[in-house]
>>> print(open('coords14.pdb').read())   # PDB, C-alpha atoms
MODEL        1
ATOM      1  CA  MET K  17      -4.559  27.358  37.506
ATOM      2  CA  PRO K  18      -7.176  27.682  34.738
ATOM      3  CA  GLY K  19      -7.265  30.714  32.492
ATOM      4  CA  ARG K  20      -3.529  31.385  32.320
ATOM      5  CA  LEU K  21      -3.745  31.628  28.515
ATOM      6  CA  GLU K  22      -7.073  33.489  28.341
ATOM      7  CA  GLY K  23      -7.266  35.469  25.096
ATOM      8  CA  TYR K  24      -4.013  34.151  23.630
ATOM      9  CA  ARG K  25      -4.228  32.557  20.201
ATOM     10  CA  ILE K  26      -1.987  29.481  19.958
ATOM     11  CA  LEU K  27      -1.214  27.719  16.677
ATOM     12  CA  ILE K  28      -0.682  23.967  16.919
ATOM     13  CA  LEU K  29       0.152  21.642  14.063
ATOM     14  CA  GLU K  30      -2.089  18.649  14.511
ATOM     15  CA  THR K  31      -0.658  15.164  14.389
ATOM     16  CA  ARG K  32      -1.567  12.020  16.278
ATOM     17  CA  GLU K  33      -1.605  13.340  19.858
ATOM     18  CA  GLU K  34      -2.512  16.981  19.360
ATOM     19  CA  ALA K  35      -6.186  16.466  20.236
ATOM     20  CA  GLN K  36      -5.047  16.097  23.846
ATOM     21  CA  PHE K  37      -2.699  19.089  23.497
ATOM     22  CA  SER K  38      -5.545  21.220  22.135
ATOM     23  CA  ARG K  39      -7.787  20.228  25.053
ATOM     24  CA  LEU K  40      -5.086  21.105  27.607
ATOM     25  CA  LEU K  41      -4.547  24.513  25.991
ATOM     26  CA  GLN K  42      -8.271  25.235  25.881
ATOM     27  CA  GLU K  43      -8.548  24.340  29.571
ATOM     28  CA  GLN K  44      -6.133  27.227  30.162
ATOM     29  CA  GLY K  45      -8.381  29.562  28.177
ATOM     30  CA  ALA K  46      -6.354  29.618  24.943
ATOM     31  CA  ASP K  47      -7.938  30.240  21.561
ATOM     32  CA  VAL K  48      -6.427  27.254  19.725
ATOM     33  CA  LEU K  49      -5.828  27.520  15.996
ATOM     34  CA  GLN K  50      -5.600  23.898  14.850
ATOM     35  CA  CYS K  51      -3.765  23.160  11.635
ATOM     36  CA  PRO K  52      -3.985  19.526  10.453
ATOM     37  CA  MET K  53      -0.606  18.580   8.970
ATOM     38  CA  PHE K  54      -1.280  15.068   7.739
ATOM     39  CA  THR K  55      -3.289  12.016   8.521
ATOM     40  CA  ILE K  56      -1.966   8.616   9.525
ATOM     41  CA  HIS K  57      -2.995   5.494   7.635
ATOM     42  CA  ASP K  58      -2.295   1.821   8.180
ATOM     43  CA  ALA K  59       0.437   0.407   5.955
ATOM     44  CA  PRO K  60      -1.158   0.068   2.486
ATOM     45  CA  ASP K  61       0.025  -3.532   2.265
ATOM     46  CA  PRO K  62      -0.718  -5.253   5.591
ATOM     47  CA  ALA K  63       1.026  -8.505   4.593
ATOM     48  CA  PRO K  64       4.561  -7.535   5.786
ATOM     49  CA  VAL K  65       3.152  -6.283   9.097
ATOM     50  CA  GLU K  66       1.175  -9.506   9.607
ATOM     51  CA  ALA K  67       4.243 -11.591   8.691
ATOM     52  CA  TRP K  68       6.408  -9.684  11.192
ATOM     53  CA  ILE K  69       3.831 -10.180  13.958
ATOM     54  CA  ARG K  70       3.557 -13.920  13.210
ATOM     55  CA  LEU K  71       7.353 -14.241  13.171
ATOM     56  CA  PHE K  72       7.456 -12.494  16.545
ATOM     57  CA  ILE K  73       4.818 -14.862  17.958
ATOM     58  CA  ASP K  74       6.476 -18.014  16.551
ATOM     59  CA  ARG K  75       9.980 -17.045  17.693
ATOM     60  CA  PRO K  76       9.825 -14.080  20.103
ATOM     61  CA  PHE K  77      12.607 -11.579  19.555
ATOM     62  CA  ASP K  78      15.196 -11.184  22.304
ATOM     63  CA  ASP K  79      14.654  -7.431  22.172
ATOM     64  CA  LEU K  80      11.916  -5.120  20.907
ATOM     65  CA  VAL K  81      12.657  -1.490  20.053
ATOM     66  CA  LEU K  82       9.571   0.716  19.811
ATOM     67  CA  MET K  83      10.213   4.054  18.112
ATOM     68  CA  THR K  84       6.642   5.398  18.480
ATOM     69  CA  GLY K  85       3.527   4.679  20.487
ATOM     70  CA  GLU K  86       1.517   4.910  17.267
ATOM     71  CA  GLY K  87       3.540   2.033  15.845
ATOM     72  CA  LEU K  88       2.584  -0.356  18.638
ATOM     73  CA  ARG K  89      -1.067   0.695  18.483
ATOM     74  CA  ARG K  90      -1.168   0.066  14.729
ATOM     75  CA  MET K  91       0.446  -3.358  15.163
ATOM     76  CA  MET K  92      -2.078  -4.253  17.862
ATOM     77  CA  LYS K  93      -4.844  -3.270  15.453
ATOM     78  CA  VAL K  94      -3.472  -5.717  12.873
ATOM     79  CA  ALA K  95      -3.004  -8.424  15.500
ATOM     80  CA  ARG K  96      -6.624  -8.044  16.639
ATOM     81  CA  ARG K  97      -7.907  -8.187  13.068
ATOM     82  CA  VAL K  98      -6.177 -11.520  12.457
ATOM     83  CA  GLY K  99      -7.060 -12.828  15.905
ATOM     84  CA  VAL K 100      -3.586 -13.109  17.431
ATOM     85  CA  ASP K 101      -3.546 -10.083  19.741
ATOM     86  CA  GLN K 102      -3.173 -12.067  22.976
ATOM     87  CA  ASP K 103      -0.407 -14.209  21.455
ATOM     88  CA  PHE K 104       1.303 -11.027  20.284
ATOM     89  CA  ILE K 105       1.141  -9.450  23.748
ATOM     90  CA  ALA K 106       2.532 -12.662  25.262
ATOM     91  CA  ALA K 107       5.439 -12.599  22.800
ATOM     92  CA  ILE K 108       6.175  -8.932  23.543
ATOM     93  CA  ALA K 109       6.223  -9.783  27.246
ATOM     94  CA  LYS K 110       9.047 -12.289  26.604
ATOM     95  CA  SER K 111      11.253  -9.667  24.922
ATOM     96  CA  LYS K 112      13.305  -6.943  26.554
ATOM     97  CA  ARG K 113      11.398  -3.787  25.652
ATOM     98  CA  TYR K 114      13.138  -0.526  24.700
ATOM     99  CA  ALA K 115      11.208   2.727  24.177
ATOM    100  CA  ARG K 116      12.231   5.851  22.278
ATOM    101  CA  GLY K 117      10.813   8.325  24.764
ATOM    102  CA  PRO K 118       7.566   8.386  26.755
ATOM    103  CA  LYS K 119       5.030   7.737  23.982
ATOM    104  CA  PRO K 120       5.912   4.052  23.406
ATOM    105  CA  VAL K 121       5.952   3.637  27.210
ATOM    106  CA  ARG K 122       2.317   4.774  27.335
ATOM    107  CA  ALA K 123       1.369   2.469  24.452
ATOM    108  CA  LEU K 124       2.970  -0.499  26.235
ATOM    109  CA  ARG K 125       0.992   0.279  29.384
ATOM    110  CA  GLU K 126      -2.209   0.175  27.337
ATOM    111  CA  ILE K 127      -1.563  -3.551  26.790
ATOM    112  CA  GLY K 128      -0.486  -4.172  30.381
ATOM    113  CA  LEU K 129       3.296  -4.074  29.881
ATOM    114  CA  GLU K 130       6.146  -1.802  30.929
ATOM    115  CA  ALA K 131       9.261  -0.723  29.069
ATOM    116  CA  ASN K 132      12.488  -2.197  30.428
ATOM    117  CA  MET K 133      14.442   0.843  29.269
ATOM    118  CA  GLN K 134      13.601   4.293  27.914
ATOM    119  CA  THR K 135      15.918   6.662  26.063
ATOM    120  CA  GLU K 136      17.101   9.800  27.831
ATOM    121  CA  THR K 137      16.479  11.705  24.593
ATOM    122  CA  PRO K 138      13.767  10.503  22.163
ATOM    123  CA  THR K 139      15.954  10.284  19.046
ATOM    124  CA  SER K 140      17.418   7.528  16.882
ATOM    125  CA  GLU K 141      20.823   8.515  18.237
ATOM    126  CA  GLY K 142      19.453   8.157  21.747
ATOM    127  CA  VAL K 143      18.189   4.667  20.911
ATOM    128  CA  ALA K 144      21.572   3.674  19.441
ATOM    129  CA  ALA K 145      23.379   4.991  22.542
ATOM    130  CA  MET K 146      21.014   3.115  24.859
ATOM    131  CA  LEU K 147      21.448  -0.156  22.955
ATOM    132  CA  ALA K 148      25.237   0.313  22.854
ATOM    133  CA  GLN K 149      25.220  -0.233  26.626
ATOM    134  CA  GLN K 150      23.576  -3.649  26.215
ATOM    135  CA  ASP K 151      25.095  -6.984  25.205
ATOM    136  CA  LEU K 152      23.206  -7.688  21.978
ATOM    137  CA  LYS K 153      25.660 -10.146  20.472
ATOM    138  CA  GLY K 154      23.703 -12.967  18.853
ATOM    139  CA  HIS K 155      20.360 -11.343  19.681
ATOM    140  CA  ARG K 156      17.379 -11.050  17.354
ATOM    141  CA  VAL K 157      16.046  -7.499  17.599
ATOM    142  CA  GLY K 158      12.586  -6.425  16.445
ATOM    143  CA  LEU K 159      12.657  -2.773  15.363
ATOM    144  CA  GLN K 160       9.467  -0.802  14.741
ATOM    145  CA  LEU K 161      10.093   2.036  12.305
ATOM    146  CA  TYR K 162       8.118   5.188  11.517
ATOM    147  CA  PRO K 163       7.575   7.020   8.185
ATOM    148  CA  ASP K 164       9.554   9.844   6.603
ATOM    149  CA  LYS K 165      12.797   8.974   8.357
ATOM    150  CA  ASP K 166      15.960   7.281   7.096
ATOM    151  CA  HIS K 167      16.646   4.567   9.663
ATOM    152  CA  THR K 168      19.780   3.224   7.955
ATOM    153  CA  LYS K 169      22.180   4.511  10.647
ATOM    154  CA  LEU K 170      20.187   3.015  13.502
ATOM    155  CA  ILE K 171      19.838  -0.359  11.788
ATOM    156  CA  GLY K 172      23.579  -0.303  11.035
ATOM    157  CA  ALA K 173      24.379   0.534  14.662
ATOM    158  CA  ILE K 174      22.293  -2.350  16.005
ATOM    159  CA  THR K 175      23.892  -4.728  13.496
ATOM    160  CA  SER K 176      27.333  -3.528  14.541
ATOM    161  CA  TYR K 177      26.507  -4.582  18.116
ATOM    162  CA  GLY K 178      26.298  -8.180  16.853
ATOM    163  CA  ALA K 179      22.513  -8.445  16.535
ATOM    164  CA  THR K 180      20.270  -9.303  13.615
ATOM    165  CA  VAL K 181      17.424  -6.840  12.988
ATOM    166  CA  GLU K 182      13.862  -7.513  11.837
ATOM    167  CA  THR K 183      12.097  -4.255  10.929
ATOM    168  CA  VAL K 184       8.432  -3.382  10.540
ATOM    169  CA  LEU K 185       6.752  -0.181   9.299
ATOM    170  CA  PRO K 186       3.118  -0.341  10.442
ATOM    171  CA  TYR K 187       1.806   3.021   9.201
ATOM    172  CA  ILE K 188       2.290   5.818   6.674
ATOM    173  CA  TYR K 189       1.661   9.562   6.560
ATOM    174  CA  ASP K 190      -0.676  11.277   4.086
ATOM    175  CA  ALA K 191       0.470  14.871   3.957
ATOM    176  CA  GLN K 192      -0.846  16.412   0.743
ATOM    177  CA  ALA K 193      -4.409  17.108   1.820
ATOM    178  CA  ALA K 194      -3.241  19.474   4.541
ATOM    179  CA  ASP K 195      -1.094  21.822   2.420
ATOM    180  CA  THR K 196      -3.836  24.467   2.194
ATOM    181  CA  ASN K 197      -4.242  24.533   5.985
ATOM    182  CA  ILE K 198      -0.516  25.038   6.473
ATOM    183  CA  VAL K 199      -0.296  27.875   3.929
ATOM    184  CA  GLU K 200      -3.212  29.602   5.698
ATOM    185  CA  ALA K 201      -1.512  29.160   9.085
ATOM    186  CA  ILE K 202       1.678  30.705   7.680
ATOM    187  CA  GLY K 203      -0.419  33.695   6.624
ATOM    188  CA  GLU K 204      -1.908  34.046  10.114
ATOM    189  CA  MET K 205       1.589  34.234  11.622
ATOM    190  CA  ALA K 206       2.788  36.674   8.984
ATOM    191  CA  GLU K 207      -0.190  38.950   9.732
ATOM    192  CA  ARG K 208       0.596  38.858  13.475
ATOM    193  CA  ARG K 209      -2.676  37.131  14.311
ATOM    194  CA  VAL K 210      -1.017  34.378  16.367
ATOM    195  CA  ASP K 211       0.428  34.840  19.865
ATOM    196  CA  ALA K 212       2.598  31.706  19.730
ATOM    197  CA  ILE K 213       3.191  28.541  17.734
ATOM    198  CA  ALA K 214       3.703  25.350  19.750
ATOM    199  CA  LEU K 215       5.775  22.564  18.173
ATOM    200  CA  THR K 216       5.813  19.038  19.609
ATOM    201  CA  SER K 217       7.722  17.035  16.983
ATOM    202  CA  SER K 218      10.638  17.536  14.610
ATOM    203  CA  GLY K 219       8.410  16.353  11.749
ATOM    204  CA  GLN K 220       6.239  19.426  12.232
ATOM    205  CA  VAL K 221       9.239  21.694  11.599
ATOM    206  CA  ARG K 222      10.209  19.811   8.422
ATOM    207  CA  ARG K 223       6.620  19.837   7.220
ATOM    208  CA  LEU K 224       6.294  23.600   7.669
ATOM    209  CA  ILE K 225       9.452  24.217   5.665
ATOM    210  CA  ASP K 226       8.594  21.684   2.949
ATOM    211  CA  VAL K 227       5.110  23.117   2.373
ATOM    212  CA  ALA K 228       6.369  26.704   2.434
ATOM    213  CA  ARG K 229       8.997  25.854  -0.190
ATOM    214  CA  ALA K 230       6.523  23.935  -2.346
ATOM    215  CA  HIS K 231       4.112  26.886  -2.345
ATOM    216  CA  GLY K 232       6.679  29.649  -2.716
ATOM    217  CA  CYS K 233       6.111  31.183   0.718
ATOM    218  CA  GLU K 234       9.239  30.265   2.659
ATOM    219  CA  ASP K 235      10.164  33.940   3.123
ATOM    220  CA  ARG K 236       6.672  34.603   4.462
ATOM    221  CA  LEU K 237       7.009  31.644   6.859
ATOM    222  CA  ARG K 238      10.384  32.831   8.141
ATOM    223  CA  ALA K 239       9.062  36.384   8.595
ATOM    224  CA  GLY K 240       6.071  35.006  10.503
ATOM    225  CA  LEU K 241       8.215  32.849  12.762
ATOM    226  CA  ALA K 242      10.592  35.744  13.405
ATOM    227  CA  GLN K 243       7.752  37.767  14.947
ATOM    228  CA  THR K 244       5.841  34.892  16.584
ATOM    229  CA  PRO K 245       7.068  33.268  19.812
ATOM    230  CA  VAL K 246       8.052  29.672  19.033
ATOM    231  CA  ALA K 247       7.417  27.127  21.796
ATOM    232  CA  SER K 248       9.351  23.848  21.572
ATOM    233  CA  VAL K 249       8.528  20.774  23.637
ATOM    234  CA  GLY K 250      12.151  19.633  23.857
ATOM    235  CA  PRO K 251      15.665  19.309  22.413
ATOM    236  CA  VAL K 252      14.726  17.262  19.343
ATOM    237  CA  VAL K 253      12.347  19.964  18.111
ATOM    238  CA  SER K 254      14.747  22.768  19.022
ATOM    239  CA  ASP K 255      17.613  21.071  17.176
ATOM    240  CA  GLU K 256      15.416  20.719  14.093
ATOM    241  CA  LEU K 257      14.513  24.407  14.246
ATOM    242  CA  LYS K 258      18.195  25.311  14.592
ATOM    243  CA  ALA K 259      19.065  23.134  11.580
ATOM    244  CA  TYR K 260      16.816  25.374   9.471
ATOM    245  CA  GLY K 261      18.174  28.564  10.998
ATOM    246  CA  LEU K 262      15.101  29.079  13.171
ATOM    247  CA  HIS K 263      14.817  29.882  16.871
ATOM    248  CA  THR K 264      13.181  28.601  20.042
ATOM    249  CA  ASP K 265      11.677  31.219  22.362
ATOM    250  CA  ILE K 266       9.763  29.094  24.874
ATOM    251  CA  TYR K 267      11.008  25.831  26.390
ATOM    252  CA  PRO K 268       9.787  23.657  29.295
ATOM    253  CA  ALA K 269      11.544  24.158  32.622
ATOM    254  CA  ASN K 270      13.658  21.496  34.325
ATOM    255  CA  GLU K 271      13.993  19.335  31.203
ATOM    256  CA  SER K 272      10.359  18.221  31.546
ATOM    257  CA  PHE K 273       9.693  17.548  27.881
ATOM    258  CA  PHE K 274       5.930  17.054  28.026
ATOM    259  CA  MET K 275       2.823  18.992  27.038
ATOM    260  CA  LYS K 276       1.831  20.317  30.497
ATOM    261  CA  PRO K 277       5.281  21.784  31.323
ATOM    262  CA  LEU K 278       5.343  23.293  27.816
ATOM    263  CA  ILE K 279       1.963  24.946  28.447
ATOM    264  CA  SER K 280       3.209  26.293  31.804
ATOM    265  CA  ALA K 281       6.277  27.753  30.073
ATOM    266  CA  MET K 282       4.044  29.338  27.409
ATOM    267  CA  ALA K 283       1.798  30.916  30.042
ATOM    268  CA  LEU K 284       4.805  32.316  31.903
ATOM    269  CA  ALA K 285       6.295  33.818  28.729
ATOM    270  CA  LEU K 286       3.106  35.097  27.101
ATOM    271  CA  ASN K 287       1.665  36.678  30.247
ATOM    272  CA  LYS K 288       4.410  39.308  30.077
ATOM    273  CA  ALA K 289       2.383  41.058  27.357
ATOM    274  CA  PRO K 290      -1.328  41.194  26.488
ATOM    275  CA  PRO K 291      -2.675  39.018  23.675
ATOM    276  CA  ARG K 292      -2.138  40.427  20.198
ATOM    277  CA  ALA K 293      -5.891  40.531  19.571
ATOM    278  CA  ALA K 294      -6.291  42.806  22.599
ATOM    279  CA  LYS K 295      -3.464  45.062  21.427
ATOM    280  CA  ASN K 296      -4.865  45.197  17.884
ATOM    281  CA  ASN K 297      -8.307  46.102  19.196
ATOM    282  CA  GLY K 298      -6.947  48.631  21.652
TER
ENDMDL
END
>>> encode(input="coords14.pdb", output="structure tokens")
Amino acid sequence: MPGRLEGYRILILETREEAQFSRLLQEQGADVLQCPMFTIHDAPDPAPVEAWIRLFIDRPFDDLVLMTGEGLRRMMKVARRVGVDQDFIAAIAKSKRYARGPKPVRALREIGLEANMQTETPTSEGVAAMLAQQDLKGHRVGLQLYPDKDHTKLIGAITSYGATVETVLPYIYDAQAADTNIVEAIGEMAERRVDAIALTSSGQVRRLIDVARAHGCEDRLRAGLAQTPVASVGPVVSDELKAYGLHTDIYPANESFFMKPLISAMALALNKAPPRAAKNNG
């Protein structure tokens, strides 16, 4: 039903998939305030990524663990540049493929493959629990990592299952350029000019806090969040909010941790009161 968010101003913190999120919100009539948080760049030194891909092709891993869809897309970009993309896809097809949530599943489908298993919860702990149910003794496991996360526990868990682990980090985050945008967004919430903030990754929560602390406006951020409905896409985001003493007000129904159910939950919650702009103008 179009127009369910007509007049409501929704703050989203842009990362790799938020262009789609913004479009979905706008289709429902929302006034979307987009706040770029960081940009994603290829690994500054492509040599380790190329070497990992060639190792995979020469001796396909028994298992491949994909932590993000972005990671696979970045590796495919490298493979195409060096002319081994079809060999890389063929090698991936020989491995048992594990996905941390739905995003790597979608990235696999883009190259004509399916995940063999997907975590129930898209966390490192969820990946470790999923792999604990498998017999990995003597296996070679390829593990795609993502930036700004300590993966030591996960690597240790996989090793403890009797496997050897080959890791690759195919991209990095560039966060500094977006600090000004985030400080301005904090001000918009503090001034009650936002009807809701929608969070779709735990990294967004950490980034908000880190920037607020760096710029001396953490109290302003917390005051803004206290008076702005906070929509969380799922348990990982909500747990991160809780870790910082913050709250979740809006949550998808029926454990459907995707953008469309989140938008439906936001419409249901926000429609109980008129948009703040309407109230302020009234």
>>> resolve_selection(input="coords14.pdb", expression="the PyMOL selection byres ((chain K and resi 176) around 12)", output="JSON, numbers by chain")
{"K": [144, 147, 148, 151, 152, 153, 154, 155, 169, 170, 171, 172, 173, 174, 175, 177, 178, 179, 180, 181]}
>>> closest_residue(input="coords14.pdb", among="K:Pro268, K:Gly87, K:Gly99, K:Pro290", to="Tyr24 in chain K", atoms="all atoms listed in the file")
K:Pro290
>>> resolve_selection(input="coords14.pdb", expression="the PyMOL selection byres ((chain K and resi 285) around 10)", output="PDB file with C-alpha atoms, in the coordinates of the input")
ATOM      1  CA  ALA K 212       2.598  31.706  19.730  1.00  0.00           C
ATOM      2  CA  PRO K 245       7.068  33.268  19.812  1.00  0.00           C
ATOM      3  CA  ALA K 247       7.417  27.127  21.796  1.00  0.00           C
ATOM      4  CA  ASP K 265      11.677  31.219  22.362  1.00  0.00           C
ATOM      5  CA  ILE K 266       9.763  29.094  24.874  1.00  0.00           C
ATOM      6  CA  TYR K 267      11.008  25.831  26.390  1.00  0.00           C
ATOM      7  CA  ILE K 279       1.963  24.946  28.447  1.00  0.00           C
ATOM      8  CA  SER K 280       3.209  26.293  31.804  1.00  0.00           C
ATOM      9  CA  ALA K 281       6.277  27.753  30.073  1.00  0.00           C
ATOM     10  CA  MET K 282       4.044  29.338  27.409  1.00  0.00           C
ATOM     11  CA  ALA K 283       1.798  30.916  30.042  1.00  0.00           C
ATOM     12  CA  LEU K 284       4.805  32.316  31.903  1.00  0.00           C
ATOM     13  CA  LEU K 286       3.106  35.097  27.101  1.00  0.00           C
ATOM     14  CA  ASN K 287       1.665  36.678  30.247  1.00  0.00           C
ATOM     15  CA  LYS K 288       4.410  39.308  30.077  1.00  0.00           C
ATOM     16  CA  ALA K 289       2.383  41.058  27.357  1.00  0.00           C
TER      17      ALA K 289
END
>>> resolve_selection(input="coords14.pdb", expression="the PyMOL selection byres ((chain K and resi 233) around 12)", output="number ranges by chain")
K: 195, 198-203, 206, 224-232, 234-240
>>> residues_around(input="coords14.pdb", residues="Ser218 in chain K", least_positions_apart="6", cutoff="12 Å", atoms="only C-alpha atoms", output="list of chain:residue names")
K:Leu29, K:Thr31, K:Pro138, K:Thr139, K:Asp164, K:Lys165, K:Leu224, K:Ile225, K:Ser248, K:Val249, K:Gly250, K:Pro251, K:Val252, K:Val253, K:Ser254, K:Asp255, K:Glu256, K:Leu257, K:Lys258, K:Ala259, K:Tyr260
>>> closest_residue(input="coords14.pdb", among="K:Leu159, K:Ile56, K:Ala106, K:Met83", to="Val121 in chain K", atoms="all atoms listed in the file")
K:Met83
>>> residues_around(input="coords14.pdb", residues="Pro76 in chain K", least_positions_apart="4", cutoff="10 Å", atoms="all atoms listed in the file", output="list in words")
Ile69, Arg70, Leu71, Phe72, Leu80, Phe104, Ala106, Ala107, Ile108, Ala109, Lys110, Ser111, Arg156, Val157 and Gly158 of chain K
>>> closest_residue(input="coords14.pdb", among="K:Val65, K:Glu271, K:Ala293, K:His263", to="Thr137 in chain K", atoms="all atoms listed in the file")
K:Glu271
>>> build_atoms(input="coords14.pdb", residues="range 284-292 of chain K", atoms="all heavy atoms", output="short mmCIF file (atom, residue, chain, number, x, y, z; two decimals), in the frame of the given file")
data_model
loop_
_atom_site.label_atom_id
_atom_site.label_comp_id
_atom_site.auth_asym_id
_atom_site.auth_seq_id
_atom_site.Cartn_x
_atom_site.Cartn_y
_atom_site.Cartn_z
N LEU K 284 3.83 31.44 31.24
CA LEU K 284 4.80 32.32 31.90
C LEU K 284 5.36 33.36 30.93
O LEU K 284 5.47 34.55 31.26
CB LEU K 284 5.94 31.47 32.48
CG LEU K 284 6.93 32.17 33.40
CD1 LEU K 284 6.25 32.65 34.67
CD2 LEU K 284 8.08 31.23 33.74
N ALA K 285 5.70 32.91 29.72
CA ALA K 285 6.30 33.82 28.73
C ALA K 285 5.27 34.78 28.14
O ALA K 285 5.52 35.99 28.03
CB ALA K 285 6.95 33.01 27.62
N LEU K 286 4.09 34.26 27.80
CA LEU K 286 3.11 35.10 27.10
C LEU K 286 2.44 36.11 28.03
O LEU K 286 2.04 37.19 27.59
CB LEU K 286 2.05 34.22 26.43
CG LEU K 286 2.56 33.33 25.29
CD1 LEU K 286 1.43 32.46 24.73
CD2 LEU K 286 3.16 34.17 24.16
N ASN K 287 2.34 35.77 29.31
CA ASN K 287 1.66 36.68 30.25
C ASN K 287 2.43 37.98 30.47
O ASN K 287 1.91 38.91 31.11
CB ASN K 287 1.43 35.99 31.59
CG ASN K 287 0.29 34.98 31.56
OD1 ASN K 287 0.10 34.22 32.50
ND2 ASN K 287 -0.47 34.93 30.46
N LYS K 288 3.63 38.07 29.94
CA LYS K 288 4.41 39.31 30.08
C LYS K 288 3.86 40.43 29.19
O LYS K 288 4.22 41.59 29.37
CB LYS K 288 5.88 39.05 29.73
CG LYS K 288 6.57 38.10 30.72
CD LYS K 288 7.98 37.75 30.27
CE LYS K 288 8.63 36.76 31.24
NZ LYS K 288 9.96 36.33 30.78
N ALA K 289 3.00 40.06 28.24
CA ALA K 289 2.38 41.06 27.36
C ALA K 289 0.95 40.62 27.08
O ALA K 289 0.65 39.43 27.12
CB ALA K 289 3.17 41.18 26.05
N PRO K 290 0.06 41.58 26.78
CA PRO K 290 -1.33 41.19 26.49
C PRO K 290 -1.42 40.44 25.16
O PRO K 290 -0.52 40.52 24.33
CB PRO K 290 -2.06 42.54 26.41
CG PRO K 290 -1.00 43.55 26.10
CD PRO K 290 0.25 43.04 26.73
N PRO K 291 -2.50 39.70 24.95
CA PRO K 291 -2.68 39.02 23.68
C PRO K 291 -2.68 40.01 22.51
O PRO K 291 -3.08 41.17 22.66
CB PRO K 291 -4.05 38.35 23.81
CG PRO K 291 -4.29 38.23 25.28
CD PRO K 291 -3.61 39.42 25.89
N ARG K 292 -2.22 39.54 21.37
CA ARG K 292 -2.14 40.43 20.20
C ARG K 292 -3.52 40.93 19.80
O ARG K 292 -3.65 42.07 19.34
CB ARG K 292 -1.47 39.69 19.04
CG ARG K 292 0.03 39.58 19.25
CD ARG K 292 0.75 38.84 18.13
NE ARG K 292 2.20 38.97 18.30
CZ ARG K 292 3.10 38.37 17.54
NH1 ARG K 292 2.71 37.57 16.55
NH2 ARG K 292 4.39 38.56 17.76
#
